[in-house]
Amino acid sequence: MTRLIFVIVSLCTTSITLAQKSIDKITFGSCSHEYDEDQMWPEIIAENSDLFIWTGDIIYGDSPSMDTLAAKYATQKNRASYQALLASTPVIGIWDDHDYGANDAGKNYKPKKASKEQLLNFLNVPDDNPVRDHDGMYNTYSYGSDGQKVKIILLDCRYFRDTLFEDTQTKARYKPSLEGDILGEVQWQWLENELTHSDAQLNILISGIQILAQEHNY
């Protein structure tokens, strides 16, 4: 069953600024089917959060056709309750597989550059944002003043991900790949640099895939 998952993070006494606006609460969401009428935008808006972060599967595009992805993003974006969120809350985000364009897809997904443009447009990412100048969707956003900074690090776990191989011997969908890569060398170097030279007191890493659930069959 498709659902929208959201998490509320209260930053308590940490004072963060976003375009001169104080941020005290962040909400996160994922797994939102564009045609599902039972979404939770009114509940999220009621939380009065100061930042909303998409963590993947913004839509269930599952198509190499950019016209299809564009139409599904438009359906999601033009929903009245989502427009109400945009009117009240800054929104950033990263993709997972279904908004990337294909179930469990990785680096060999052919229209990935065009798919990236669809997501950038959906998120209203400005033309001068550095994410538009490199491959992949990985990006950072920093908020707050000296001594009270928060950095959001968005990891792209699809664009550079090595091929997965089906597991026919166990209940798992795929075989473990001890030599496989998810982020790609350039993104790993970028991540190391972002953490090494971060002046933030809190660094939040956002991944569109599970990173701790070893028992997960996917």
# chains A, B, ... in the order shown; residues from 1 in each chain; ligands from 1

call {"tool": "residues_around", "arguments": {"residues": "Thr68 in chain A", "least_positions_apart": "4", "cutoff": "12 Å", "atoms": "only C-alpha atoms", "output": "PyMOL selection string"}}
result
chain A and resi 34+59-64+72-75+99+101+115+118

call {"tool": "residues_around", "arguments": {"residues": "range 182-189 of chain A", "least_positions_apart": "4", "cutoff": "9 Å", "atoms": "only C-alpha atoms", "output": "number ranges by chain"}}
result
A: 106, 136, 138, 155-162, 193-194

call {"tool": "residues_around", "arguments": {"residues": "Thr140 in chain A", "least_positions_apart": "6", "cutoff": "9 Å", "atoms": "only C-alpha atoms", "output": "PyMOL selection string"}}
result
chain A and resi 131+151-155+194

call {"tool": "atom_distance", "arguments": {"atom1": "CA of Thr196 in chain A", "atom2": "CA of Asn139 in chain A"}}
result
15.5 Å

call {"tool": "closest_residue", "arguments": {"among": "A:Gly180, A:Gly144, A:Asp67, A:Gln76", "to": "Asp24 in chain A", "atoms": "only C-alpha atoms"}}
result
A:Gly144

call {"tool": "closest_residue", "arguments": {"among": "A:Ser65, A:Asn103, A:Asn48, A:Ser32", "to": "Ser88 in chain A", "atoms": "only C-alpha atoms"}}
result
A:Asn48

call {"tool": "atom_distance", "arguments": {"atom1": "CA of Lys107 in chain A", "atom2": "CA of Thr163 in chain A"}}
result
7.3 Å

call {"tool": "atom_distance", "arguments": {"atom1": "CA of Glu117 in chain A", "atom2": "CA of Met66 in chain A"}}
result
9.5 Å
